[in-house]
Amino acid sequence: MPSLPRLPLPTSHRFLTLSAVSAAVLLLSACGTVKVQPLTDTDVRAQAALDRQAAFAGVPALAGKLSMEEAVARALKYNLDRRTRLMEEALAMNQLDTANLDMLPRVMANAGYTWRDSDLITRSEDSVTGLPSLANPYISSDRSRPAYSLSTTWNMLDFGLSYYGAKQAASRVGIAAERRRKAMHVLVQDVRSAFWRTVSAQKLRDEVRGTIDLAEAALKDARKVEAERLRSPVDTLRYQRQLLENLRLLESIEQELASGRVELAALINLPQDAPLEVVEPAEGADPTMFEVPVQQLEELAITQNADLREHFYNTRIALDETRRTMVRMFPNLSFNYDLRYDADKYLINNRWNEAGLHLSYNLMNLFTGPAQKRLADAGVKLADQRRVAAQMTVVTQVHLARLQYQIAYRQYLRADQIWQADAKIAEHVKNREAVEAQSKLELVANSTTAILSLLRRYQSLAQLQIAGSRMQATVGLEPVLGSVSELSLEQLTTDVGASMRDWSRALTKPAVPAPAPAAAQ
């Protein structure tokens with residue numbers, strides 16, 4: 001039986017190889033297709049539940065009433081935005097560690113295995129005649145073999161760039177620390193404001209509700225009088241309108257008071273449905289802050305203000321970028337040393353060492369170097385100009401903060417005097433024995449006025465606290481604390497109370513250096 005014709009082996013093998021490669025490419029393409037996977041409500045709810053659990057993890061419940069010192073301590077320890085700032089600072093520290101490691105030589109360990117389906121057969125030609133050599137073709141390497149190498153490479157240009165990159169990373173750590181300080185200043189300011197508004201809500205809650213009940217009872221009686229026509233309709237309607245106006249004012253006061261507690265609970269990372277009662281601290285009016293010379297405040301602000309210090313770090317980064325640009329213009333010197341092993345049986349020496357020294361230079365630097373240098377110098381000038389402008393802005397903020405504190409202090413004193421007068425009037429009206437409808441209106445009106453005066457007094461006190469915190473933030477004052485993550489809540493509360501007890505005393509002290517950046521705080 002005659003055999004069937006067969007294709008030549010090379011052609012058949014080439015066809016099979018091409019088919020296998022095509023099938024592999026198609027399989028990988030099918031497996032590599034990514035489809036859009038929209039979020040489902042179930043996934044969002046599950047992740048939201050986990051996030052909520054993580055947000056309140058490790059936050060102890062309130063034990064009794066909340067003091068101002070504990071509120072600030074809880075905010076510094078558990079506030080979510082502050083945690084974010086701490087993580088940003090930790091990230092900057094890790095980036096600095098990575099930048100320092102970039103200066104080390106490159107050490108590469110390679111292990112590989114090569115395979116081919118046919119022998120590597122080569123021919124040779126006579127170097128004089130160009131004719132094929134009479135020797136038979138020869139095999140020069142194995143079809144399959146492992147190979148290993150251990151190489152060390154040191155590049156002078158990469159080292160220089162990595163060195164100044166590490167210096168820039170160190171400056172960014174300082175920037176992250178200053179942003180953490182600024183966030184802490186804002187946080188303390190918000191906590192003090194929300195705390196005093198919570199105090200006013202707690203103080204006025206019962207009085208507002210009692211006066212609203214009294215006004216609604218008086219309105220009910222007035223409508224009854226109107227229905228029975230015991231008085232002139234116009235007088236009765238005017239009476240009702242005055243009661244309704246007082247009710248509207250009382251209800252607006254009640255709504256305004258409700259926001260302070262919500263904001264305070266969010267700042268100290270406390271669940272909104274958790275019970276929250278605060279302790280009214282001693283009066284926060286401190287007139288001794290006016291005794292500090294404004295020149296001393298300016299000096300403190302120039303050395304301690306977080307925004308201004310950040311601009312100093314930015315200037316350092318710009319200067320280091322100029323040096324990086326200059327390093328790029330130098331020739332590149334590199335050194336390498338390799339330990340190699342190849343299992344090819346045709347090699348006489350399977351193990352060998354290699355060393356090399358290379359010098360190279362990018363000739364395009366002759367054309368692009370001056371432009372890069374001008375760009376880097378422009379960045380330095382911009383950073384300097386921003387720093388100068390920031391310094392003048394900080395000096396202006398010092399004067400404005402001092403003026404705002406003086407105005408807030410005077411407004412608080414005036415609001416306190418008005419409240420004392422309105423409270424006495426309301427007390428006299430309440431002590432009257434007459435129970436006529438008109439006396440109820442007078443009682444409601446005077447009680448509403450007294451409540452409004454007390455509310456304005458607390459609002460003025462909150463504004464005074466905000467003004468004081470703003471001035472402290474402008475000059476860069478902050479509580480002197482250790483590692484917030486390592487201190488217990490009780491110890492942190494004690495330290496915060498000691499630092500906040502008398503801010504003016506801290507103002508009168510000589511300036512001290514700002515705390516060093518530390519990711520653990």
# chains A, B, ... in the order shown; residues from 1 in each chain; ligands from 1

call {"tool": "select_by_dssp", "arguments": {"residues": "stretch 75-268 of chain A", "states": "strand (DSSP E)", "output": "list in words"}}
result
Arg106, Val107, Met108, Ala109, Asn110, Ala111, Gly112, Tyr113, Thr114, Trp115, Ile121, Thr122, Tyr138, Ile139, Ser144, Arg145, Pro146, Ala147, Tyr148, Ser149, Leu150, Ser151, Thr152, Thr153, Trp154 and Asn155 of chain A

call {"tool": "residues_around", "arguments": {"residues": "stretch 365-376 of chain A", "least_positions_apart": "2", "cutoff": "8 Å", "atoms": "only C-alpha atoms", "output": "number ranges by chain"}}
result
A: 318-319, 321-322, 325-326, 329, 362-363, 378-380

call {"tool": "write_last_selection", "arguments": {"atoms": "N, CA, C and O atoms", "output": "PDB file, in the first residue's frame"}}
result
ATOM      1  N   ALA A 318      12.460  73.478  46.298  1.00  0.00           N
ATOM      2  CA  ALA A 318      12.807  74.145  45.044  1.00  0.00           C
ATOM      3  C   ALA A 318      14.324  74.233  44.866  1.00  0.00           C
ATOM      4  O   ALA A 318      14.853  74.035  43.760  1.00  0.00           O
ATOM      5  N   LEU A 319      15.063  74.534  45.932  1.00  0.00           N
ATOM      6  CA  LEU A 319      16.524  74.586  45.839  1.00  0.00           C
ATOM      7  C   LEU A 319      17.106  73.211  45.517  1.00  0.00           C
ATOM      8  O   LEU A 319      18.032  73.090  44.700  1.00  0.00           O
ATOM      9  N   GLU A 321      15.603  70.912  43.876  1.00  0.00           N
ATOM     10  CA  GLU A 321      15.270  70.615  42.496  1.00  0.00           C
ATOM     11  C   GLU A 321      16.283  71.270  41.549  1.00  0.00           C
ATOM     12  O   GLU A 321      16.634  70.697  40.500  1.00  0.00           O
ATOM     13  N   THR A 322      16.772  72.444  41.907  1.00  0.00           N
ATOM     14  CA  THR A 322      17.823  73.085  41.113  1.00  0.00           C
ATOM     15  C   THR A 322      19.088  72.237  41.117  1.00  0.00           C
ATOM     16  O   THR A 322      19.744  72.052  40.078  1.00  0.00           O
ATOM     17  N   THR A 325      18.706  69.299  38.888  1.00  0.00           N
ATOM     18  CA  THR A 325      18.885  69.693  37.488  1.00  0.00           C
ATOM     19  C   THR A 325      20.357  69.794  37.127  1.00  0.00           C
ATOM     20  O   THR A 325      20.782  69.374  36.036  1.00  0.00           O
ATOM     21  N   MET A 326      21.169  70.331  38.018  1.00  0.00           N
ATOM     22  CA  MET A 326      22.602  70.440  37.749  1.00  0.00           C
ATOM     23  C   MET A 326      23.254  69.064  37.691  1.00  0.00           C
ATOM     24  O   MET A 326      24.150  68.824  36.880  1.00  0.00           O
ATOM     25  N   MET A 329      23.205  67.237  34.376  1.00  0.00           N
ATOM     26  CA  MET A 329      24.086  67.721  33.316  1.00  0.00           C
ATOM     27  C   MET A 329      25.485  67.125  33.389  1.00  0.00           C
ATOM     28  O   MET A 329      26.287  67.304  32.467  1.00  0.00           O
ATOM     29  N   ASN A 362      24.996  62.505  28.023  1.00  0.00           N
ATOM     30  CA  ASN A 362      23.905  62.824  27.112  1.00  0.00           C
ATOM     31  C   ASN A 362      24.225  64.155  26.433  1.00  0.00           C
ATOM     32  O   ASN A 362      24.163  65.222  27.050  1.00  0.00           O
ATOM     33  N   LEU A 363      24.554  64.099  25.161  1.00  0.00           N
ATOM     34  CA  LEU A 363      24.936  65.318  24.440  1.00  0.00           C
ATOM     35  C   LEU A 363      23.784  66.298  24.296  1.00  0.00           C
ATOM     36  O   LEU A 363      24.017  67.501  24.092  1.00  0.00           O
ATOM     37  N   ALA A 378      13.569  79.574  38.127  1.00  0.00           N
ATOM     38  CA  ALA A 378      12.251  80.211  38.218  1.00  0.00           C
ATOM     39  C   ALA A 378      11.422  79.600  39.340  1.00  0.00           C
ATOM     40  O   ALA A 378      10.676  80.305  40.036  1.00  0.00           O
ATOM     41  N   GLY A 379      11.555  78.272  39.538  1.00  0.00           N
ATOM     42  CA  GLY A 379      10.848  77.634  40.644  1.00  0.00           C
ATOM     43  C   GLY A 379      11.323  78.138  41.991  1.00  0.00           C
ATOM     44  O   GLY A 379      10.520  78.335  42.916  1.00  0.00           O
ATOM     45  N   VAL A 380      12.635  78.378  42.125  1.00  0.00           N
ATOM     46  CA  VAL A 380      13.175  78.911  43.381  1.00  0.00           C
ATOM     47  C   VAL A 380      12.666  80.329  43.623  1.00  0.00           C
ATOM     48  O   VAL A 380      12.255  80.688  44.747  1.00  0.00           O
TER      49      VAL A 380
END

call {"tool": "closest_residue", "arguments": {"among": "A:Met156, A:Leu62, A:Leu80, A:Ala227", "to": "A:Leu104", "atoms": "only C-alpha atoms"}}
result
A:Met156

call {"tool": "residues_around", "arguments": {"residues": "A:Gln411", "least_positions_apart": "6", "cutoff": "9 Å", "atoms": "only C-alpha atoms", "output": "number ranges by chain"}}
result
A: 457, 460-461, 464

call {"tool": "write_last_selection", "arguments": {"atoms": "C-alpha atoms", "output": "PDB file, in the first residue's frame"}}
result
ATOM      1  CA  ARG A 457     -24.195  85.879  75.622  1.00  0.00           C
ATOM      2  CA  SER A 460     -20.485  85.984  72.136  1.00  0.00           C
ATOM      3  CA  LEU A 461     -18.534  83.680  74.431  1.00  0.00           C
ATOM      4  CA  LEU A 464     -14.498  84.912  71.929  1.00  0.00           C
TER       5      LEU A 464
END

call {"tool": "residues_around", "arguments": {"residues": "A:Asp384", "least_positions_apart": "3", "cutoff": "12 Å", "atoms": "only C-alpha atoms", "output": "MDAnalysis selection string"}}
result
chainID A and resid 308 311:319 377:381 387:391

call {"tool": "write_last_selection", "arguments": {"atoms": "C-alpha atoms", "output": "PDB file, in the first residue's frame"}}
result
ATOM      1  CA  LEU A 308       4.725  80.022  56.936  1.00  0.00           C
ATOM      2  CA  HIS A 311       6.621  77.736  52.669  1.00  0.00           C
ATOM      3  CA  PHE A 312      10.148  77.440  54.083  1.00  0.00           C
ATOM      4  CA  TYR A 313      10.055  73.719  53.339  1.00  0.00           C
ATOM      5  CA  ASN A 314       8.795  74.432  49.819  1.00  0.00           C
ATOM      6  CA  THR A 315      11.780  76.721  49.287  1.00  0.00           C
ATOM      7  CA  ARG A 316      14.096  73.901  50.308  1.00  0.00           C
ATOM      8  CA  ILE A 317      12.384  71.583  47.829  1.00  0.00           C
ATOM      9  CA  ALA A 318      12.807  74.145  45.044  1.00  0.00           C
ATOM     10  CA  LEU A 319      16.524  74.586  45.839  1.00  0.00           C
ATOM     11  CA  ASP A 377      15.737  78.945  39.014  1.00  0.00           C
ATOM     12  CA  ALA A 378      12.251  80.211  38.218  1.00  0.00           C
ATOM     13  CA  GLY A 379      10.848  77.634  40.644  1.00  0.00           C
ATOM     14  CA  VAL A 380      13.175  78.911  43.381  1.00  0.00           C
ATOM     15  CA  LYS A 381      12.187  82.532  42.744  1.00  0.00           C
ATOM     16  CA  ARG A 387       7.305  82.773  51.237  1.00  0.00           C
ATOM     17  CA  VAL A 388       7.668  86.566  51.360  1.00  0.00           C
ATOM     18  CA  ALA A 389       3.966  87.032  50.575  1.00  0.00           C
ATOM     19  CA  ALA A 390       3.033  84.415  53.191  1.00  0.00           C
ATOM     20  CA  GLN A 391       5.129  86.180  55.822  1.00  0.00           C
TER      21      GLN A 391
END
